[in-house]
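See below for target-v4.cif, which holds mmCIF, C-alpha atoms.
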data_my_file
#
loop_
_atom_site.label_atom_id
_atom_site.label_comp_id
_atom_site.auth_asym_id
_atom_site.auth_seq_id
_atom_site.Cartn_x
_atom_site.Cartn_y
_atom_site.Cartn_z
CA MET H 1 -10.44 193.39 269.47
CA ASN H 2 -8.38 196.48 270.21
CA LEU H 3 -7.42 197.24 273.80
CA CYS H 4 -5.32 200.39 274.23
CA GLY H 5 -3.99 200.00 270.70
CA LEU H 6 -3.10 196.32 271.17
CA GLU H 7 -4.89 193.72 269.08
CA LEU H 8 -6.46 190.88 271.08
CA ARG H 9 -8.32 187.88 269.70
CA GLY H 10 -11.06 188.31 272.32
CA PRO H 11 -12.03 189.97 275.62
CA ILE H 12 -10.84 187.36 278.19
CA LEU H 13 -7.82 188.14 280.40
CA ASN H 14 -6.60 186.49 283.59
CA GLY H 15 -6.38 188.18 286.94
CA SER H 16 -2.76 188.75 287.96
CA GLY H 17 -1.39 185.89 290.04
CA THR H 18 -4.30 183.52 289.45
CA PHE H 19 -2.83 181.42 286.62
CA ASP H 20 0.80 180.27 286.56
CA ALA H 21 1.46 179.93 282.84
CA ILE H 22 5.05 178.76 283.35
CA ALA H 23 4.02 175.94 285.70
CA ALA H 24 1.10 175.06 283.43
CA ARG H 25 3.40 174.70 280.46
CA ARG H 26 5.72 172.43 282.45
CA ALA H 27 2.69 170.25 283.19
CA PHE H 28 0.96 170.30 279.80
CA GLY H 29 3.75 171.13 277.36
CA ASP H 30 3.04 172.83 274.06
CA GLU H 31 -0.60 171.79 274.24
CA LEU H 32 -1.04 174.77 276.56
CA LEU H 33 0.10 177.09 273.76
CA GLU H 34 -2.33 175.50 271.33
CA ARG H 35 -5.27 175.83 273.74
CA PHE H 36 -4.30 178.86 275.79
CA PRO H 37 -7.33 179.97 277.83
CA PHE H 38 -6.80 183.74 277.71
CA ASP H 39 -6.63 186.43 275.03
CA CYS H 40 -4.01 188.44 276.91
CA PHE H 41 -1.84 187.17 279.77
CA VAL H 42 -1.22 189.24 282.89
CA SER H 43 1.87 188.23 284.84
CA LYS H 44 2.18 187.78 288.57
CA THR H 45 2.89 191.11 290.20
CA ILE H 46 6.62 191.78 290.43
CA THR H 47 8.50 194.02 292.85
CA VAL H 48 12.01 195.50 292.72
CA ALA H 49 13.42 193.12 295.34
CA PRO H 50 12.55 189.42 295.62
CA ARG H 51 9.76 188.59 298.08
CA GLN H 52 9.14 185.35 299.96
CA GLY H 53 5.49 186.17 300.54
CA ASN H 54 3.45 185.83 303.70
CA PRO H 55 3.83 183.05 306.28
CA PRO H 56 1.48 180.08 305.95
CA PRO H 57 -1.36 179.28 305.99
CA ARG H 58 -2.05 181.41 302.93
CA LEU H 59 -5.46 180.24 301.71
CA TYR H 60 -8.89 179.80 303.25
CA GLU H 61 -11.88 178.51 301.30
CA THR H 62 -15.17 180.31 301.84
CA PRO H 63 -18.68 179.19 300.82
CA ALA H 64 -18.49 181.43 297.74
CA GLY H 65 -14.83 181.94 296.98
CA MET H 66 -11.69 182.15 299.06
CA ILE H 67 -9.40 184.38 301.10
CA ASN H 68 -5.78 184.50 299.99
CA SER H 69 -2.81 185.88 301.85
CA ILE H 70 -0.08 184.96 299.39
CA GLY H 71 1.88 188.17 299.88
CA LEU H 72 3.11 188.61 296.28
CA PRO H 73 6.06 186.19 296.32
CA ASN H 74 8.24 186.79 293.28
CA LYS H 75 11.82 186.69 292.03
CA GLY H 76 12.19 190.46 291.95
CA LEU H 77 12.80 192.59 288.87
CA ASP H 78 16.14 191.09 287.85
CA GLY H 79 14.93 187.53 288.37
CA PHE H 80 11.78 188.18 286.37
CA LEU H 81 13.62 189.71 283.44
CA ALA H 82 16.20 186.94 283.33
CA GLY H 83 14.03 183.93 284.13
CA ASP H 84 10.30 184.44 283.66
CA LEU H 85 10.02 186.99 280.87
CA PRO H 86 11.69 184.84 278.17
CA GLN H 87 9.24 182.02 278.96
CA LEU H 88 6.19 184.26 279.07
CA ALA H 89 7.23 185.76 275.75
CA GLU H 90 6.55 182.35 274.15
CA LEU H 91 2.84 182.52 274.98
CA PRO H 92 0.57 182.92 271.93
CA VAL H 93 -1.10 186.08 273.27
CA PRO H 94 0.06 189.61 274.21
CA LEU H 95 1.77 190.00 277.58
CA CYS H 96 0.85 192.48 280.31
CA VAL H 97 3.33 192.75 283.18
CA SER H 98 1.97 193.69 286.60
CA VAL H 99 4.25 195.78 288.83
CA MET H 100 4.06 197.05 292.40
CA GLY H 101 6.38 199.41 294.24
CA PHE H 102 6.43 200.75 297.78
CA SER H 103 7.40 204.21 296.56
CA HIS H 104 7.21 206.27 293.40
CA ASP H 105 10.90 205.63 292.79
CA GLU H 106 10.43 201.86 292.95
CA LEU H 107 7.51 202.00 290.55
CA ALA H 108 9.55 204.17 288.20
CA GLN H 109 12.40 201.66 288.27
CA LEU H 110 10.02 198.82 287.48
CA VAL H 111 8.18 200.60 284.67
CA ASP H 112 11.39 201.84 283.07
CA ALA H 113 12.92 198.36 283.03
CA VAL H 114 9.82 196.48 281.91
CA ALA H 115 8.78 198.99 279.26
CA GLY H 116 12.16 198.64 277.60
CA ARG H 117 11.46 195.03 276.68
CA ASP H 118 9.84 194.33 273.34
CA GLU H 119 8.10 191.26 274.75
CA VAL H 120 5.88 193.45 276.94
CA GLY H 121 2.72 194.89 275.40
CA LEU H 122 1.05 196.51 278.42
CA ILE H 123 1.93 197.36 282.02
CA GLU H 124 -0.44 197.00 284.96
CA LEU H 125 0.19 199.23 287.96
CA ASN H 126 -0.88 197.48 291.15
CA VAL H 127 -1.42 200.50 293.37
CA SER H 128 -3.10 198.69 296.25
CA CYS H 129 -0.05 198.96 298.53
CA PRO H 130 0.96 201.80 300.87
CA ASN H 131 3.50 204.41 299.82
CA VAL H 132 6.20 204.02 302.47
CA GLU H 133 7.02 207.71 302.12
CA THR H 134 3.50 208.92 302.99
CA GLY H 135 1.70 205.91 304.46
CA THR H 136 -1.16 206.45 302.00
CA ILE H 137 -2.54 203.55 299.96
CA MET H 138 -1.55 204.70 296.48
CA GLY H 139 -4.74 203.59 294.77
CA ALA H 140 -7.16 204.67 297.48
CA ASP H 141 -6.61 208.42 297.14
CA PRO H 142 -7.23 210.32 293.88
CA SER H 143 -4.36 212.77 294.46
CA GLU H 144 -1.88 210.01 295.26
CA THR H 145 -3.02 208.00 292.25
CA ALA H 146 -2.57 211.04 290.00
CA ARG H 147 0.94 211.65 291.34
CA VAL H 148 1.91 208.04 290.67
CA VAL H 149 0.67 208.07 287.08
CA GLU H 150 2.17 211.51 286.39
CA ARG H 151 5.54 210.20 287.55
CA LEU H 152 5.36 207.09 285.36
CA ARG H 153 3.68 208.40 282.21
CA PRO H 154 6.81 210.08 280.75
CA LEU H 155 8.79 206.84 281.08
CA THR H 156 6.98 204.90 278.37
CA ASP H 157 4.55 205.10 275.48
CA LYS H 158 3.27 201.62 276.28
CA PRO H 159 -0.24 201.40 277.76
CA LEU H 160 -0.47 201.82 281.52
CA ILE H 161 -3.37 200.07 283.24
CA VAL H 162 -4.12 201.20 286.80
CA LYS H 163 -5.52 198.38 288.94
CA LEU H 164 -7.94 199.93 291.40
CA THR H 165 -8.55 198.84 294.97
CA PRO H 166 -12.20 198.34 295.98
CA ASN H 167 -11.33 199.73 299.41
CA ALA H 168 -11.23 203.33 298.16
CA THR H 169 -13.91 205.69 299.43
CA ASP H 170 -14.70 206.89 295.90
CA PRO H 171 -13.47 204.53 293.14
CA PRO H 172 -14.84 206.70 290.28
CA ALA H 173 -12.83 209.67 291.59
CA VAL H 174 -9.67 207.54 291.70
CA ALA H 175 -10.32 206.27 288.18
CA THR H 176 -10.90 209.80 286.91
CA ALA H 177 -7.66 210.97 288.52
CA ALA H 178 -5.79 208.11 286.84
CA GLN H 179 -7.32 208.98 283.46
CA GLU H 180 -6.50 212.66 283.74
CA ALA H 181 -2.90 211.85 284.73
CA GLY H 182 -2.41 209.76 281.59
CA ALA H 183 -3.52 206.19 282.34
CA ASP H 184 -4.66 204.25 279.28
CA ALA H 185 -7.09 201.96 281.14
CA VAL H 186 -8.21 200.91 284.60
CA SER H 187 -8.91 197.43 285.95
CA LEU H 188 -11.12 196.55 288.88
CA ILE H 189 -11.80 195.22 291.37
CA ASN H 190 -8.89 193.89 293.37
CA THR H 191 -9.69 191.70 296.38
CA LEU H 192 -11.55 192.91 299.46
CA ARG H 193 -9.91 192.57 302.86
CA GLY H 194 -11.23 189.68 304.95
CA MET H 195 -10.39 187.39 307.84
CA ALA H 196 -11.04 183.81 308.91
CA LEU H 197 -10.67 182.33 312.38
CA HIS H 198 -9.02 179.02 313.15
CA PRO H 199 -11.53 176.12 313.07
CA ASP H 200 -10.25 174.85 316.43
CA GLY H 201 -12.38 177.47 318.17
CA SER H 202 -9.43 179.27 319.73
CA GLY H 203 -10.34 182.57 318.10
CA ARG H 204 -6.91 182.78 316.47
CA PRO H 205 -6.72 184.00 312.86
CA TRP H 206 -6.31 181.12 310.42
CA LEU H 207 -4.12 183.00 307.93
CA GLY H 208 -0.47 183.49 308.77
CA ALA H 209 -0.74 187.21 308.04
CA ARG H 210 -4.08 187.48 309.94
CA THR H 211 -6.03 188.98 307.03
CA GLY H 212 -6.16 188.40 303.30
CA GLY H 213 -7.99 189.24 300.11
CA VAL H 214 -11.51 187.91 299.54
CA SER H 215 -12.29 186.85 295.97
CA GLY H 216 -14.76 184.69 294.10
CA PRO H 217 -18.52 184.83 293.47
CA ALA H 218 -19.24 186.48 296.83
CA ILE H 219 -17.70 189.75 295.65
CA ARG H 220 -19.30 189.80 292.19
CA PRO H 221 -22.17 192.19 293.04
CA ILE H 222 -19.67 194.62 294.58
CA ALA H 223 -17.41 194.35 291.55
CA LEU H 224 -20.30 194.85 289.14
CA ALA H 225 -21.45 197.97 290.96
CA GLN H 226 -17.96 199.48 290.99
CA VAL H 227 -17.37 198.64 287.32
CA ALA H 228 -20.64 200.35 286.43
CA SER H 229 -19.88 203.49 288.45
CA VAL H 230 -16.30 203.76 287.18
CA SER H 231 -17.44 203.21 283.57
CA GLU H 232 -19.82 206.13 283.91
CA ALA H 233 -16.97 208.35 285.11
CA VAL H 234 -14.19 207.64 282.59
CA ALA H 235 -13.75 207.34 278.85
CA ILE H 236 -10.73 205.01 278.91
CA PRO H 237 -11.26 201.22 278.75
CA VAL H 238 -12.34 199.43 281.90
CA ILE H 239 -11.25 195.84 282.57
CA GLY H 240 -13.81 194.25 284.87
CA MET H 241 -13.11 191.41 287.30
CA GLY H 242 -14.41 190.01 290.53
CA GLY H 243 -16.11 186.64 290.89
CA ILE H 244 -16.66 185.93 287.18
CA GLU H 245 -17.54 182.24 286.91
CA SER H 246 -19.56 181.98 283.70
CA GLY H 247 -20.24 183.54 280.34
CA ARG H 248 -23.39 185.10 281.75
CA ASP H 249 -21.30 186.76 284.47
CA ALA H 250 -18.89 188.06 281.84
CA ALA H 251 -21.76 189.42 279.74
CA ASP H 252 -23.07 191.27 282.80
CA PHE H 253 -19.70 193.01 283.25
CA LEU H 254 -19.64 194.00 279.58
CA SER H 255 -23.17 195.33 279.93
CA ALA H 256 -22.08 197.32 283.00
CA GLY H 257 -19.45 199.10 280.93
CA ALA H 258 -16.35 196.87 280.86
CA THR H 259 -14.36 196.63 277.65
CA CYS H 260 -12.73 193.33 278.66
CA ILE H 261 -13.05 191.01 281.64
CA ALA H 262 -10.57 189.03 283.72
CA VAL H 263 -10.99 185.57 285.24
CA GLY H 264 -9.31 184.91 288.57
CA THR H 265 -10.52 182.60 291.33
CA ALA H 266 -12.38 180.35 288.86
CA SER H 267 -9.01 179.26 287.43
CA PHE H 268 -7.94 177.78 290.77
CA ARG H 269 -10.68 175.16 290.48
CA ASP H 270 -10.70 174.88 286.69
CA PRO H 271 -7.49 175.85 284.81
CA THR H 272 -9.50 175.96 281.57
CA ALA H 273 -12.07 178.39 283.01
CA GLY H 274 -10.95 181.15 280.66
CA THR H 275 -11.76 179.01 277.62
CA ARG H 276 -15.07 177.83 279.05
CA ILE H 277 -16.18 181.34 279.99
CA GLY H 278 -15.21 182.64 276.55
CA ASP H 279 -17.24 179.90 274.89
CA GLU H 280 -20.21 180.55 277.16
CA LEU H 281 -19.96 184.26 276.48
CA ALA H 282 -20.12 183.60 272.74
CA ALA H 283 -23.18 181.43 273.32
CA VAL H 284 -24.86 184.19 275.33
CA PHE H 285 -24.30 186.61 272.47
CA GLY H 286 -25.54 184.03 270.00
CA GLN H 287 -28.88 183.99 271.78
CA GLU H 288 -29.37 187.71 271.29
CA ARG H 289 -30.48 189.46 268.11
CA GLY H 290 -29.34 192.43 266.09
CA PHE H 291 -25.57 192.06 266.33
CA LEU H 292 -23.22 193.30 263.65
CA THR H 293 -20.04 191.34 262.94
CA THR H 294 -17.40 194.06 262.74
CA GLY H 295 -16.23 196.81 265.00
CA ARG H 296 -13.63 198.01 267.44
CA VAL H 297 -13.51 198.09 271.22
CA GLY H 298 -10.97 200.60 272.45
CA ALA H 299 -12.97 202.83 274.75
CA ARG H 300 -15.93 202.59 277.07
CA HIS H 301 -19.42 202.24 275.67
CA PRO H 302 -22.03 203.14 278.36
CA TYR H 303 -24.56 200.36 277.85
CA HIS H 304 -26.70 201.45 280.76
CA LYS H 305 -27.00 204.94 279.26
CA SER H 306 -27.34 203.97 275.61
CA PRO H 307 -28.80 200.58 274.61
CA ALA H 308 -27.57 201.11 271.04
CA LYS H 309 -23.98 201.53 272.19
CA GLY H 310 -24.38 198.61 274.56
CA ALA H 311 -25.38 196.36 271.70
CA GLN H 312 -22.50 197.71 269.63
CA ASN H 313 -19.90 196.78 272.24
CA ARG H 314 -21.40 193.34 272.81
CA GLN H 315 -21.51 192.64 269.10
CA VAL H 316 -17.82 193.52 268.75
CA ALA H 317 -16.96 191.12 271.55
CA ARG H 318 -19.13 188.48 269.95
CA SER H 319 -17.43 188.76 266.55
CA HIS H 320 -14.02 188.41 268.12
CA LEU H 321 -15.11 185.50 270.26
CA ASP H 322 -16.23 183.77 267.04
CA LEU H 323 -12.77 184.32 265.61
CA ARG H 324 -11.21 183.13 268.85
CA SER H 325 -13.17 179.86 268.69
CA ARG H 326 -12.20 179.23 265.08
CA SER H 327 -8.52 179.87 265.86
CA ARG H 328 -8.30 177.00 268.37
#
Take the structure from the file and write it as structure tokens.
Amino acid sequence: MNLCGLELRGPILNGSGTFDAIAARRAFGDELLERFPFDCFVSKTITVAPRQGNPPPRLYETPAGMINSIGLPNKGLDGFLAGDLPQLAELPVPLCVSVMGFSHDELAQLVDAVAGRDEVGLIELNVSCPNVETGTIMGADPSETARVVERLRPLTDKPLIVKLTPNATDPPAVATAAQEAGADAVSLINTLRGMALHPDGSGRPWLGARTGGVSGPAIRPIALAQVASVSEAVAIPVIGMGGIESGRDAADFLSAGATCIAVGTASFRDPTAGTRIGDELAAVFGQERGFLTTGRVGARHPYHKSPAKGAQNRQVARSHLDLRSRSR
């Protein structure tokens, strides 16, 4: 499977920050490399300076997912390059590094440094934070998104994936602005803002930072709708995520226009969720008729507009999932 010119063995990615591959390898050793659950690994989001993250409590379980207020703790750019990147480079799949800056200059510093490393195949731009220079959420405004991508595009030939916030007024307009400014793909959705109150009845927020990001099955219908609308608006690949728990869920995102999908909250409960969902997705395809066994996925195929193209994209994913299963 080809995503932005990079060969993947299948369509399953992880959501940034939802699977700690370094900790998992410490726990499971090289067996993790032999049975790695994803076809491309997306790192935790890194920032220029180290971050401690938000005060605890940081997690709240909901009936259909969770609210997290982690706050992007990380070692900072220098710590990532020196400590984490060499370990992530040993994974058996391509590496996508997720970056977030509080200004265009910070993002430029991150992209320039990360793009210069051969270990990095793709770069994800987490633009869900405010620009401290303007106060605007970078990924919520089409003009701001375009300015960010235009600033970063000349710095590297490596694929740039813009991770969209679901809190934008018009996600398709933001995605179109990213495409026109030079983005190679978009991913969506990020978490939705939510809040939980303390169970003691005091009315106090439970999370240390008051609010957090809602994820899990509860947001899947929202994610599916936004993936479908964005896929109609752009020609670049769309990576769909948001509450994917099964192969059937993944197939729905592919049918809505996604080129690949990402698994997030499901991995908190089941670290092998990526493998299971990939296997279930292959089984879903195996129950359908008329698939070819060769092809290429590198751009959007609008299933909902053209059933023939929809079948074509699903058959490509199916053939690569078959190869993925045989490679384990």
Original post:
Pick the closest to H:Asn54 from H:Gly208, H:Pro94, H:Pro172, H:Gly194: which is it, counting only C-alpha atoms?
Top reply: H:Gly208
**OP:** Write out as a VMD selection string each polymer residue whose atoms come within 12 Å of H:Leu85, counting only C-alpha atoms; drop sequence neighbours fewer than 5 positions from it.
**Re:** chain H and resid 21 to 22 41 to 44 46 75 to 80 90 to 91 95 to 98 113 to 114 117 to 120
Compile the contact shell of H:Glu124 as a PDB file with C-alpha atoms, in the coordinates of the input: residues with an atom at most 8 Å away, counting all atoms listed in the file, same-chain residues fewer than 2 positions apart removed.
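Result written to out.pdb:
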ATOM      1  CA  CYS H  96       0.850 192.480 280.310  1.00  0.00           C
ATOM      2  CA  VAL H  97       3.330 192.750 283.180  1.00  0.00           C
ATOM      3  CA  SER H  98       1.970 193.690 286.600  1.00  0.00           C
ATOM      4  CA  VAL H  99       4.250 195.780 288.830  1.00  0.00           C
ATOM      5  CA  LEU H 122       1.050 196.510 278.420  1.00  0.00           C
ATOM      6  CA  ASN H 126      -0.880 197.480 291.150  1.00  0.00           C
ATOM      7  CA  LEU H 160      -0.470 201.820 281.520  1.00  0.00           C
ATOM      8  CA  ILE H 161      -3.370 200.070 283.240  1.00  0.00           C
ATOM      9  CA  VAL H 162      -4.120 201.200 286.800  1.00  0.00           C
ATOM     10  CA  LYS H 163      -5.520 198.380 288.940  1.00  0.00           C
TER      11      LYS H 163
END
Subject >> Atomic separation - atom CA of H:Ala178 relative to atom CA of H:Pro142, Å >> reply: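 That distance, rounded to one decimal, is 7.5 Å.
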Subject >> One-decimal distance in Å that lies between atom CA of H:Ala24 and atom CA of H:Val238 >> reply: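 Atom CA of H:Ala24 lies 27.9 Å from atom CA of H:Val238.
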Original post:
Just so the selection is clear, what residues does the PyMOL selection byres ((chain H and resi 245) around 10) cover here, as a ChimeraX atom specification?
Top reply: /H:216-217,220,242-244,246-250,263-267,273-274,276-277
Subject >> Evaluate the PyMOL selection byres ((chain H and resi 3) around 10) and report residues as a list of chain:residue names >> reply: H:Met1, H:Asn2, H:Cys4, H:Gly5, H:Leu6, H:Glu7, H:Leu8, H:Gly10, H:Pro11, H:Cys40, H:Leu122, H:Pro159, H:Asp184, H:Ala185, H:Ile236, H:Pro237, H:Val238, H:Ile239, H:Thr259, H:Cys260, H:Arg296, H:Val297, H:Gly298, H:Ala299
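Between atom CA of H:Gly101 and atom CA of H:Ala49 there is a distance of 9.5 Å.
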Edge lengths and centre in Å to one decimal, as JSON, is what I'm after for the box along x, y and z that holds all listed atoms of stretch 6-15 of chain H once 4 Å is added on each side.
{"center_x": -7.6, "center_y": 191.4, "center_z": 278.0, "size_x": 16.9, "size_y": 17.8, "size_z": 25.9}
Original post:
Of the residues H:Thr176, H:Ser255, H:Asn190, H:Thr165, which is the one nearest to H:Val149, using all atoms listed in the file?
Top reply: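 Between H:Thr176, H:Ser255, H:Asn190, H:Thr165, the residue approaching H:Val149 most closely is H:Thr176.
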**OP:** Mind checking which residues fall within 12 Å of H:Ala173, counting only C-alpha atoms, ignoring those fewer than 3 positions away in the same chain, and posting them as a ChimeraX atom specification?
**Re:** /H:139-146,164,168-170,176-180,226,229-234
Subject >> Given only C-alpha atoms as the counted atoms, nearest of H:Asn167, H:Asn74, H:Ile189, H:Phe38 to H:Ile12 >> reply: H:Phe38
**OP:** Would you list the contacts of H:Pro56 as a list in words, taking every protein, DNA or RNA residue within 12 Å and counting all atoms listed in the file, but skipping same-chain residues closer than 6 positions in sequence?
**Re:**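 The residues that qualify are Asn68, Ser69, Ile70, Gly71, Pro205, Trp206, Leu207, Gly208, Ala209, Arg210, Thr211 and Gly212 of chain H.
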**OP:** Name every residue that the PyMOL selection byres ((chain H and resi 63) around 10) selects in this structure, writing the answer as a list in words with chains first and numbers rising.
**Re:** Glu61, Thr62, Ala64, Gly65, Met66, Gly216, Pro217 and Ala218 of chain H
**OP:** Find, counting all atoms listed in the file, the residue in H:Gln52, H:Thr156, H:Ser215, H:Gln87 that gets nearest to H:Ala23.
**Re:** H:Gln87
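Considering all atoms listed in the file, the residue among H:Ser103, H:Ser187, H:Thr275, H:Thr45 positioned nearest to H:Pro171 is H:Ser187.
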